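J.: For reference, the file my_file_32.csv (CSV, C-alpha atoms) is included below:
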chain,number,residue,atom,x,y,z
A,1,MET,CA,-51.1,-6.6,-7.2
A,2,ASN,CA,-54.1,-5.4,-9.2
A,3,LYS,CA,-56.9,-3.5,-7.5
A,4,LYS,CA,-59.5,-6.4,-7.9
A,5,ASN,CA,-57.3,-8.9,-6.0
A,6,GLU,CA,-56.5,-6.3,-3.4
A,7,ASN,CA,-60.2,-5.7,-2.8
A,8,ILE,CA,-60.9,-9.4,-2.5
A,9,GLU,CA,-58.1,-9.8,0.0
A,10,ASN,CA,-59.3,-6.8,2.0
A,11,GLU,CA,-62.8,-8.3,2.1
A,12,GLU,CA,-61.4,-11.6,3.4
A,13,LEU,CA,-59.4,-9.7,6.0
A,14,MET,CA,-62.4,-7.8,7.1
A,15,LYS,CA,-64.4,-11.0,7.6
A,16,ILE,CA,-61.9,-13.0,9.5
A,17,ALA,CA,-60.1,-10.2,11.4
A,18,PRO,CA,-62.2,-7.1,11.8
A,19,THR,CA,-60.0,-5.6,14.5
A,20,LEU,CA,-56.9,-6.0,12.5
A,21,PHE,CA,-58.6,-4.7,9.4
A,22,GLY,CA,-59.7,-1.5,11.2
A,23,MET,CA,-56.1,-0.7,12.3
A,24,LYS,CA,-53.7,1.6,10.5
A,25,LYS,CA,-50.9,-0.1,8.7
A,26,VAL,CA,-47.8,1.5,10.4
A,27,ASN,CA,-44.4,0.3,11.2
A,28,ASN,CA,-44.0,0.4,14.9
A,29,LEU,CA,-40.4,-0.8,15.0
A,30,LYS,CA,-37.6,1.7,14.9
A,31,ALA,CA,-34.1,1.6,13.4
A,32,PRO,CA,-31.2,3.7,14.8
A,33,LYS,CA,-31.0,7.2,13.3
A,34,GLY,CA,-28.7,7.4,10.3
A,35,TYR,CA,-28.4,3.6,10.1
A,36,PHE,CA,-29.3,3.4,6.4
A,37,SER,CA,-27.0,6.3,5.3
A,38,ASN,CA,-23.9,4.3,6.5
A,39,LEU,CA,-25.0,0.8,5.6
A,40,ALA,CA,-23.5,0.7,2.1
A,41,ASP,CA,-20.1,1.7,3.5
A,42,THR,CA,-20.3,-0.8,6.3
A,43,VAL,CA,-21.1,-3.6,3.8
A,44,LYS,CA,-18.2,-2.5,1.6
A,45,VAL,CA,-15.8,-2.9,4.5
A,46,ARG,CA,-17.3,-6.3,5.2
A,47,ILE,CA,-16.9,-7.4,1.6
A,48,ASP,CA,-13.3,-6.1,1.5
A,49,ASN,CA,-12.4,-8.1,4.6
A,50,GLU,CA,-14.1,-11.3,3.5
A,51,VAL,CA,-11.9,-14.4,3.2
A,52,PRO,CA,-11.9,-15.2,-0.6
A,53,ASP,CA,-13.9,-18.2,-1.7
A,54,GLY,CA,-11.8,-21.4,-1.8
A,55,TYR,CA,-9.1,-19.8,0.3
A,56,PHE,CA,-9.0,-22.6,2.8
A,57,GLU,CA,-9.1,-25.3,0.2
A,58,ASN,CA,-5.7,-24.3,-1.2
A,59,LEU,CA,-4.2,-23.0,2.0
A,60,ALA,CA,-2.6,-26.3,3.1
A,61,ASP,CA,-0.9,-26.7,-0.3
A,62,LYS,CA,0.3,-23.1,-0.3
A,63,VAL,CA,1.8,-23.4,3.2
A,64,MET,CA,3.5,-26.7,2.3
A,65,ASP,CA,5.0,-25.2,-0.9
A,66,LYS,CA,6.3,-22.3,1.1
A,67,ILE,CA,7.8,-24.6,3.7
A,68,ASP,CA,9.6,-26.6,1.0
A,69,LYS,CA,11.0,-23.5,-0.5
A,70,GLU,CA,12.1,-22.2,2.9
A,71,GLU,CA,13.8,-25.5,3.7
A,72,THR,CA,16.1,-25.3,0.7
A,73,LYS,CA,17.3,-21.9,1.8
A,74,VAL,CA,17.8,-22.7,5.5
A,75,ILE,CA,21.3,-22.4,7.0
A,76,PRO,CA,21.8,-24.1,10.4
A,77,ILE,CA,22.3,-21.6,13.2
A,78,GLN,CA,25.8,-22.9,14.0
A,79,LYS,CA,26.9,-22.5,10.3
A,80,ARG,CA,25.2,-19.1,10.3
A,81,ASN,CA,27.3,-18.0,13.3
A,82,ILE,CA,30.6,-19.2,11.7
A,83,ALA,CA,29.7,-17.4,8.5
A,84,ARG,CA,29.1,-14.2,10.6
A,85,ILE,CA,32.5,-14.5,12.4
A,86,VAL,CA,34.3,-15.2,9.1
A,87,SER,CA,32.7,-12.3,7.4
A,88,PHE,CA,33.5,-10.1,10.3
A,89,ALA,CA,37.1,-11.2,10.4
A,90,ALA,CA,37.4,-10.7,6.6
A,91,SER,CA,36.1,-7.1,6.9
A,92,ILE,CA,38.7,-6.4,9.6
A,93,ALA,CA,41.5,-8.0,7.5
A,94,GLY,CA,40.3,-6.0,4.5
A,95,ILE,CA,40.6,-2.8,6.4
A,96,PHE,CA,44.2,-3.7,7.5
A,97,ILE,CA,45.1,-4.7,4.0
A,98,ILE,CA,43.8,-1.5,2.4
A,99,GLY,CA,45.6,0.5,5.1
A,100,PHE,CA,48.8,-1.4,4.5
A,101,LEU,CA,48.6,-0.9,0.7
A,102,LEU,CA,48.0,2.8,1.1
A,103,ASN,CA,50.9,3.0,3.4
A,104,GLN,CA,53.0,0.9,1.0
A,105,ASN,CA,52.2,3.4,-1.7
A,106,ASN,CA,53.5,6.2,0.4
A,107,ILE,CA,56.7,4.3,1.2
A,108,VAL,CA,57.2,3.5,-2.5
A,109,ASP,CA,56.6,7.2,-3.3
A,110,THR,CA,59.0,8.3,-0.6
A,111,ILE,CA,61.8,5.9,-1.8
A,112,ALA,CA,61.1,6.9,-5.4
A,113,SER,CA,61.4,10.6,-4.6
A,114,ALA,CA,64.6,9.9,-2.5
A,115,ASP,CA,66.0,7.8,-5.3
A,116,ASN,CA,65.3,10.6,-7.8
A,117,TYR,CA,66.8,13.2,-5.5
A,118,LEU,CA,70.0,11.2,-5.0
A,119,GLU,CA,70.3,10.4,-8.7
A,120,ASN,CA,70.5,14.1,-9.5
A,121,LEU,CA,73.1,14.9,-6.8
A,122,THR,CA,76.7,15.4,-7.8
A,123,THR,CA,79.4,13.7,-5.9
A,124,SER,CA,80.4,16.8,-4.1
A,125,GLU,CA,76.7,17.5,-3.2
A,126,LEU,CA,76.4,13.9,-1.9
A,127,ASP,CA,79.6,14.5,0.2
A,128,GLU,CA,77.9,17.5,1.7
A,129,ALA,CA,74.5,16.0,2.1
A,130,VAL,CA,75.2,12.6,3.5
A,131,ASP,CA,75.9,11.8,7.0
A,132,TYR,CA,78.9,9.5,6.6
A,133,ASN,CA,78.3,7.8,9.9
A,134,GLU,CA,75.1,6.4,8.4
A,135,MET,CA,76.4,5.9,4.9
A,136,GLU,CA,76.9,2.1,5.1
A,137,GLU,CA,73.4,1.6,6.3
A,138,LEU,CA,72.1,4.0,3.6
A,139,ILE,CA,73.8,2.2,0.8
A,140,CYS,CA,72.0,-1.0,1.8
A,141,TYR,CA,68.6,0.7,1.0
A,142,VAL,CA,69.2,3.1,-1.9
A,143,ASP,CA,69.6,1.9,-5.4
A,144,PHE,CA,72.0,4.4,-7.0
A,145,GLY,CA,71.3,3.2,-10.6
A,146,GLU,CA,73.6,5.0,-13.0
A,147,ASN,CA,75.4,6.7,-10.1
A,148,PHE,CA,76.6,3.3,-9.0
A,149,ASN,CA,80.3,4.1,-9.8
A,150,GLU,CA,80.1,7.3,-7.8
A,151,ALA,CA,78.5,5.4,-4.9
A,152,ILE,CA,81.4,2.9,-5.1
A,153,GLN,CA,83.8,5.8,-4.9
A,154,ILE,CA,82.0,7.1,-1.9
A,155,GLU,CA,82.2,3.7,-0.3
A,156,TYR,CA,85.9,3.6,-0.9
A,157,SER,CA,86.3,7.1,0.5
A,158,ILE,CA,84.3,6.0,3.6
A,159,ASN,CA,86.7,3.2,4.1
A,160,ASP,CA,89.6,5.7,3.9
A,161,ILE,CA,88.1,7.8,6.6
A,162,ASP,CA,89.9,7.7,9.9
A,163,LEU,CA,87.1,6.8,12.3
A,164,ASP,CA,89.1,7.6,15.4
A,165,PHE,CA,87.4,10.8,16.6
A,166,THR,CA,87.8,12.5,19.9
A,167,SER,CA,84.7,13.8,21.7
A,168,ASP,CA,85.6,17.4,20.9
A,169,GLU,CA,86.0,16.5,17.2
A,170,ILE,CA,82.5,14.9,17.2
A,171,ASP,CA,81.0,18.0,18.9
A,172,GLU,CA,82.7,20.3,16.4
A,173,TYR,CA,81.4,18.2,13.5
A,174,LEU,CA,77.8,18.1,14.8
A,175,SER,CA,77.8,21.9,15.2
A,176,SER,CA,79.3,22.5,11.8
A,177,ASP,CA,77.4,22.9,8.4
A,178,TYR,CA,78.3,19.4,7.5
A,179,TYR,CA,75.5,18.2,9.6
A,180,LEU,CA,72.4,18.4,7.4
A,181,ASP,CA,69.0,16.8,7.6
A,182,VAL,CA,68.4,14.5,4.7
A,183,GLU,CA,64.7,14.3,3.9
A,184,PHE,CA,63.4,11.2,2.3
B,185,MET,CA,-29.1,7.4,-9.0
B,186,GLN,CA,-31.9,4.8,-9.4
B,187,LEU,CA,-31.6,1.9,-11.8
B,188,SER,CA,-34.1,-0.8,-12.6
B,189,ASP,CA,-33.3,-4.4,-11.5
B,190,ASP,CA,-32.6,-5.4,-15.1
B,191,GLU,CA,-30.2,-2.4,-15.5
B,192,ILE,CA,-28.4,-3.3,-12.2
B,193,ILE,CA,-27.9,-6.9,-13.4
B,194,ALA,CA,-26.8,-5.8,-16.9
B,195,GLN,CA,-24.4,-3.3,-15.4
B,196,ILE,CA,-22.9,-5.9,-13.0
B,197,LYS,CA,-22.5,-8.4,-15.8
B,198,THR,CA,-20.4,-6.0,-17.8
B,199,GLY,CA,-17.9,-6.0,-14.9
B,200,GLN,CA,-17.5,-2.2,-15.2
B,201,ASP,CA,-18.2,0.0,-12.2
B,202,THR,CA,-19.3,-3.0,-10.2
B,203,ASN,CA,-18.8,-1.4,-6.8
B,204,LYS,CA,-20.8,1.6,-7.8
B,205,THR,CA,-23.6,-0.5,-9.2
B,206,PHE,CA,-23.6,-2.7,-6.1
B,207,ARG,CA,-23.9,0.4,-4.0
B,208,ILE,CA,-27.0,1.4,-6.0
B,209,LEU,CA,-28.4,-2.1,-5.3
B,210,ILE,CA,-27.8,-1.8,-1.6
B,211,GLU,CA,-29.3,1.6,-1.4
B,212,LYS,CA,-32.3,0.5,-3.3
B,213,TYR,CA,-33.1,-2.6,-1.2
B,214,GLN,CA,-31.5,-1.9,2.2
B,215,GLU,CA,-34.7,-0.7,3.9
B,216,ARG,CA,-37.0,-3.3,2.5
B,217,LEU,CA,-34.7,-6.1,3.3
B,218,TYR,CA,-33.9,-4.6,6.7
B,219,TRP,CA,-37.6,-4.6,7.7
B,220,HIS,CA,-38.2,-8.0,6.3
B,221,ILE,CA,-35.4,-9.4,8.5
B,222,ARG,CA,-36.3,-7.2,11.4
B,223,ARG,CA,-39.8,-8.6,11.4
B,224,MET,CA,-38.5,-12.0,11.9
B,225,ILE,CA,-35.5,-11.3,14.2
B,226,ILE,CA,-36.9,-8.2,16.0
B,227,ASN,CA,-33.5,-7.2,17.6
B,228,HIS,CA,-31.8,-4.4,15.6
B,229,ASP,CA,-28.2,-5.5,16.2
B,230,ASP,CA,-28.9,-9.1,15.1
B,231,THR,CA,-30.8,-7.7,12.1
B,232,ASP,CA,-27.9,-5.5,11.2
B,233,ASP,CA,-25.5,-8.5,11.4
B,234,VAL,CA,-27.8,-10.7,9.3
B,235,LEU,CA,-28.5,-7.9,6.7
B,236,GLN,CA,-24.7,-7.4,6.2
B,237,ASN,CA,-24.3,-11.1,5.7
B,238,VAL,CA,-27.1,-11.0,3.2
B,239,PHE,CA,-25.4,-8.3,1.2
B,240,VAL,CA,-22.1,-10.2,1.3
B,241,LYS,CA,-23.9,-13.3,-0.1
B,242,ILE,CA,-25.6,-11.2,-2.7
B,243,TRP,CA,-22.2,-9.8,-3.8
B,244,LYS,CA,-20.7,-13.2,-4.0
B,245,GLY,CA,-23.7,-14.7,-5.9
B,246,LEU,CA,-24.3,-11.9,-8.4
B,247,ALA,CA,-21.8,-13.3,-10.8
B,248,ASN,CA,-23.8,-16.5,-11.0
B,249,PHE,CA,-27.2,-14.9,-10.9
B,250,ARG,CA,-29.5,-16.3,-13.5
B,251,GLU,CA,-31.3,-13.6,-15.4
B,252,ASP,CA,-34.4,-15.7,-15.7
B,253,SER,CA,-35.0,-15.2,-11.9
B,254,ASN,CA,-36.3,-12.1,-10.5
B,255,LEU,CA,-33.7,-10.0,-8.6
B,256,TYR,CA,-36.3,-8.8,-6.1
B,257,THR,CA,-37.4,-12.3,-5.1
B,258,TRP,CA,-33.8,-13.6,-5.1
B,259,LEU,CA,-32.8,-10.9,-2.6
B,260,TYR,CA,-35.8,-11.7,-0.4
B,261,ARG,CA,-35.1,-15.4,-0.6
B,262,ILE,CA,-31.5,-14.9,0.6
B,263,ALA,CA,-32.7,-12.6,3.4
B,264,THR,CA,-35.3,-15.1,4.5
B,265,ASN,CA,-33.0,-18.0,4.5
B,266,GLU,CA,-30.3,-16.1,6.4
B,267,SER,CA,-32.8,-14.9,9.0
B,268,ILE,CA,-34.2,-18.4,9.6
B,269,THR,CA,-30.6,-19.9,9.8
B,270,PHE,CA,-29.7,-17.2,12.3
B,271,ILE,CA,-32.9,-17.8,14.4
B,272,ASN,CA,-32.2,-21.6,14.5
B,273,LYS,CA,-28.6,-21.0,15.5
B,274,LYS,CA,-29.6,-18.6,18.2
B,275,LYS,CA,-32.2,-21.0,19.6
B,276,LYS,CA,-29.6,-23.8,19.8
B,277,GLU,CA,-27.0,-21.5,21.5
B,278,ASN,CA,-29.3,-20.0,24.0
B,279,ASN,CA,-31.9,-22.7,24.4
B,280,ILE,CA,-34.6,-20.0,24.4
B,281,SER,CA,-37.3,-19.0,22.0
B,282,ILE,CA,-36.7,-15.9,20.0
B,283,ASP,CA,-40.5,-15.3,19.9
B,284,ASN,CA,-41.0,-14.4,23.5
B,285,GLU,CA,-40.6,-11.0,24.9
B,286,SER,CA,-37.9,-12.1,27.4
B,287,TYR,CA,-35.5,-12.6,24.4
B,288,HIS,CA,-35.9,-9.0,23.4
B,289,LEU,CA,-35.5,-7.8,27.0
B,290,HIS,CA,-32.5,-10.0,27.3
B,291,ALA,CA,-31.0,-8.5,24.1
B,292,GLY,CA,-31.5,-5.0,25.5
B,293,GLN,CA,-34.3,-4.3,23.0
B,294,ALA,CA,-37.0,-3.4,25.5
B,295,ASP,CA,-37.4,-0.2,23.6
B,296,TYR,CA,-37.7,-1.8,20.2
B,297,LEU,CA,-41.1,-0.2,19.6
B,298,MET,CA,-41.8,3.3,18.5
B,299,ASP,CA,-44.0,5.3,20.8
B,300,CYS,CA,-47.2,3.9,19.6
B,301,ASP,CA,-50.7,3.6,20.9
B,302,GLU,CA,-51.9,0.7,23.0
B,303,ILE,CA,-53.5,-1.2,20.1
B,304,GLN,CA,-50.4,-1.0,18.0
B,305,GLU,CA,-48.3,-2.2,20.9
B,306,LYS,CA,-50.7,-5.1,21.2
B,307,LEU,CA,-50.3,-5.9,17.5
B,308,GLU,CA,-46.6,-6.0,17.9
B,309,LYS,CA,-46.9,-8.4,20.8
B,310,ALA,CA,-49.4,-10.5,18.9
B,311,LEU,CA,-46.8,-10.8,16.0
B,312,LEU,CA,-44.3,-12.2,18.5
B,313,THR,CA,-46.6,-15.1,19.1
B,314,LEU,CA,-46.2,-16.3,15.5
B,315,PRO,CA,-43.5,-18.6,14.4
B,316,GLU,CA,-40.7,-16.8,12.4
B,317,LYS,CA,-41.6,-18.1,9.0
B,318,GLN,CA,-45.3,-17.3,9.5
B,319,ARG,CA,-44.3,-13.8,10.7
B,320,ALA,CA,-42.3,-13.4,7.5
B,321,VAL,CA,-45.4,-14.5,5.5
B,322,PHE,CA,-47.6,-12.1,7.4
B,323,HIS,CA,-45.1,-9.2,6.9
B,324,MET,CA,-44.8,-9.8,3.2
B,325,LYS,CA,-48.5,-9.9,2.7
B,326,TYR,CA,-49.9,-7.4,5.2
B,327,TYR,CA,-47.2,-4.7,5.2
B,328,GLU,CA,-45.6,-5.2,1.8
B,329,ASN,CA,-48.6,-6.3,-0.3
B,330,MET,CA,-46.5,-8.9,-2.0
B,331,LYS,CA,-48.1,-11.3,-4.4
B,332,TYR,CA,-48.5,-14.9,-3.3
B,333,THR,CA,-46.6,-16.0,-6.4
B,334,GLN,CA,-43.6,-13.8,-5.4
B,335,MET,CA,-43.9,-15.0,-1.8
B,336,SER,CA,-43.8,-18.5,-3.1
B,337,GLU,CA,-40.5,-17.8,-4.9
B,338,VAL,CA,-39.1,-16.2,-1.7
B,339,VAL,CA,-39.9,-18.9,0.8
B,340,GLY,CA,-40.1,-21.9,-1.5
B,341,THR,CA,-43.6,-22.8,-0.5
B,342,SER,CA,-46.6,-23.3,-2.7
B,343,VAL,CA,-49.1,-20.5,-3.2
B,344,GLY,CA,-51.9,-22.6,-1.5
B,345,ALA,CA,-49.7,-23.2,1.6
B,346,LEU,CA,-48.9,-19.6,1.8
B,347,LYS,CA,-52.5,-18.5,1.6
B,348,ALA,CA,-53.3,-21.0,4.4
B,349,SER,CA,-50.4,-19.8,6.5
B,350,TYR,CA,-51.4,-16.1,6.1
B,351,HIS,CA,-55.0,-17.0,7.0
B,352,ILE,CA,-53.9,-18.7,10.2
B,353,ALA,CA,-51.6,-15.9,11.1
B,354,VAL,CA,-54.4,-13.3,10.7
B,355,LYS,CA,-56.8,-15.3,12.9
B,356,LYS,CA,-54.1,-15.8,15.6
B,357,ILE,CA,-53.5,-12.0,15.7
B,358,GLU,CA,-57.1,-11.2,15.8
B,359,HIS,CA,-57.6,-13.6,18.6
B,360,TYR,CA,-54.7,-12.0,20.6
B,361,LEU,CA,-56.1,-8.5,20.0
B,362,ILE,CA,-59.5,-9.4,21.3
B,363,GLU,CA,-58.4,-11.5,24.2
B,364,ASN,CA,-55.7,-9.1,25.4
So, in terms of structure tokens, how does the structure I just supplied come out?

T.:
Amino acid sequence: MNKKNENIENEELMKIAPTLFGMKKVNNLKAPKGYFSNLADTVKVRIDNEVPDGYFENLADKVMDKIDKEETKVIPIQKRNIARIVSFAASIAGIFIIGFLLNQNNIVDTIASADNYLENLTTSELDEAVDYNEMEELICYVDFGENFNEAIQIEYSINDIDLDFTSDEIDEYLSSDYYLDVEF
Amino acid sequence: MQLSDDEIIAQIKTGQDTNKTFRILIEKYQERLYWHIRRMIINHDDTDDVLQNVFVKIWKGLANFREDSNLYTWLYRIATNESITFINKKKKENNISIDNESYHLHAGQADYLMDCDEIQEKLEKALLTLPEKQRAVFHMKYYENMKYTQMSEVVGTSVGALKASYHIAVKKIEHYLIEN
């Protein structure tokens, strides 16, 4: 406002309100201490937390879209429980199968090493090593391969053995060197 | 850091450092807008609430701000409209007038005045007898020395109507000061 206009307005004020004109122009209201130093930060927080324009206009569509997508994925609770039980049973079965297979490998390894051991034995060594009382049973399990003829001979010799032992003869046999542990 | 209104607008239009520039705008106008609102609403807490709303509206509206308008009057117009909307809402809710002293006592604002002499206190009470919009007109003219043309842009009233409104406000205050 230029000086001339200000003077005119002051003159008018002096005429219509001399008491007011004579008073000092001071602000008698008070604001809390430090209020203005924090206001910009407060406003920033308010702006950051404002709901974006047009948010509610699209909200219903967004929610319906989400519901549609969710519905395609939904598995009924009953089916979900069955699925859980099946998956639990499958994991238990898996553990058993793995355990069994590992065990099988050990058995196969054991038979293979026994097989190998027996293949390399001579007839006389076999005579010494084998418990003749268990021979028939053993023949059922062991593949003698190339030593088949020898095995047949042993079988024949077993058949020739007189199986009528007295108790003393059995005791003597068990305490003798003939009794050996065969490791498989 | 101080920027002119044109610099603030130009900076915001570039979209770079918008937050920083907006902070400059807040710091530049916060006190003037605060007192403008406070003169109408009187209560500090309500003024604080309205002022924050005003800045949020300014933030949202800045992108669409037309450069042919004056930033200064645009800010005052938002502040005036927000204050009047608030006052009308409050009147409806409480069914009491915001102009009388009981409202300020009710709002815990009995100590809203600085320690001032008797005549200044009387002036403050006289101001409370004015309708809000007239109080805003008186504040812009008497305390802020705003031009009538600027005031016209702020309150959306003709210069003639504003001159008449100010004249009536001054006479009412003078009458109150003499009679009380």

J.: Counting only C-alpha atoms, which residues in chain B sit no more than 8 Å from chain A? For each one, give the nearest pair of atoms and the distance in Å, sorted by chain then residue number, as JSON lines.

T.:
{"residue": "B:Arg207", "atom": "CA", "partner": "A:Ala40", "partner_atom": "CA", "distance": 6.1}
{"residue": "B:Ile210", "atom": "CA", "partner": "A:Ala40", "partner_atom": "CA", "distance": 6.2}
{"residue": "B:Glu211", "atom": "CA", "partner": "A:Ala40", "partner_atom": "CA", "distance": 6.8}
{"residue": "B:Gln214", "atom": "CA", "partner": "A:Phe36", "partner_atom": "CA", "distance": 7.1}
{"residue": "B:Glu215", "atom": "CA", "partner": "A:Phe36", "partner_atom": "CA", "distance": 7.2}
{"residue": "B:His228", "atom": "CA", "partner": "A:Ala31", "partner_atom": "CA", "distance": 6.8}
{"residue": "B:Gln236", "atom": "CA", "partner": "A:Val43", "partner_atom": "CA", "distance": 5.8}
{"residue": "B:Phe239", "atom": "CA", "partner": "A:Val43", "partner_atom": "CA", "distance": 6.9}
{"residue": "B:Val240", "atom": "CA", "partner": "A:Ile47", "partner_atom": "CA", "distance": 5.9}
{"residue": "B:Trp243", "atom": "CA", "partner": "A:Ile47", "partner_atom": "CA", "distance": 7.9}
{"residue": "B:Tyr296", "atom": "CA", "partner": "A:Leu29", "partner_atom": "CA", "distance": 5.9}
{"residue": "B:Leu297", "atom": "CA", "partner": "A:Leu29", "partner_atom": "CA", "distance": 4.7}
{"residue": "B:Met298", "atom": "CA", "partner": "A:Asn28", "partner_atom": "CA", "distance": 5.1}
{"residue": "B:Asp299", "atom": "CA", "partner": "A:Asn28", "partner_atom": "CA", "distance": 7.7}
{"residue": "B:Cys300", "atom": "CA", "partner": "A:Asn28", "partner_atom": "CA", "distance": 6.7}
{"residue": "B:Gln304", "atom": "CA", "partner": "A:Asn28", "partner_atom": "CA", "distance": 7.2}
{"residue": "B:Glu305", "atom": "CA", "partner": "A:Asn28", "partner_atom": "CA", "distance": 7.8}
{"residue": "B:Glu308", "atom": "CA", "partner": "A:Asn28", "partner_atom": "CA", "distance": 7.5}
{"residue": "B:Tyr327", "atom": "CA", "partner": "A:Lys25", "partner_atom": "CA", "distance": 6.9}
{"residue": "B:Asn329", "atom": "CA", "partner": "A:Met1", "partner_atom": "CA", "distance": 7.3}
{"residue": "B:Met330", "atom": "CA", "partner": "A:Met1", "partner_atom": "CA", "distance": 7.3}
{"residue": "B:Lys331", "atom": "CA", "partner": "A:Met1", "partner_atom": "CA", "distance": 6.2}
{"residue": "B:Val354", "atom": "CA", "partner": "A:Ala17", "partner_atom": "CA", "distance": 6.5}
{"residue": "B:Lys355", "atom": "CA", "partner": "A:Ala17", "partner_atom": "CA", "distance": 6.3}
{"residue": "B:Ile357", "atom": "CA", "partner": "A:Leu20", "partner_atom": "CA", "distance": 7.6}
{"residue": "B:Glu358", "atom": "CA", "partner": "A:Ala17", "partner_atom": "CA", "distance": 5.4}
{"residue": "B:Leu361", "atom": "CA", "partner": "A:Thr19", "partner_atom": "CA", "distance": 7.3}
{"residue": "B:Ile362", "atom": "CA", "partner": "A:Thr19", "partner_atom": "CA", "distance": 7.8}

J.: To one decimal in Å, tell me the separation between atom CA of Ile226 of chain B and atom CA of Leu246 of chain B.

T.: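 Value for the atom CA of Ile226 of chain B-atom CA of Leu246 of chain B distance: 27.7 Å.
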
J.: For atom CA of Gln318 of chain B and atom CA of Arg222 of chain B, quote the distance in Å rounded to one decimal.

T.: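 Atom CA of Arg222 of chain B lies 13.7 Å from atom CA of Gln318 of chain B.
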
J.: How far is it from atom CA of Ile192 of chain B to atom CA of Thr205 of chain B, in Å with one decimal?

T.: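 Distance between the two atoms: 6.3 Å.
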
J.: Find the residue from B:Ser188, B:Thr341, B:Ser267, B:Asn272 that sits nearest to Trp219 of chain B; use only C-alpha atoms when measuring.

T.: B:Ser267

J.: Please list as a ChimeraX atom specification every residue within 6 Å of Val338 of chain B, counting only C-alpha atoms and excluding residues in the same chain fewer than 6 positions away.

T.: /B:257,260-261

J.: Could you write those residues out with C-alpha atoms, as a CSV table (one decimal), keeping the file's coordinate frame?

T.:
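Once written, part14.csv looks like this:
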chain,number,residue,atom,x,y,z
B,257,THR,CA,-37.4,-12.3,-5.1
B,260,TYR,CA,-35.8,-11.7,-0.4
B,261,ARG,CA,-35.1,-15.4,-0.6
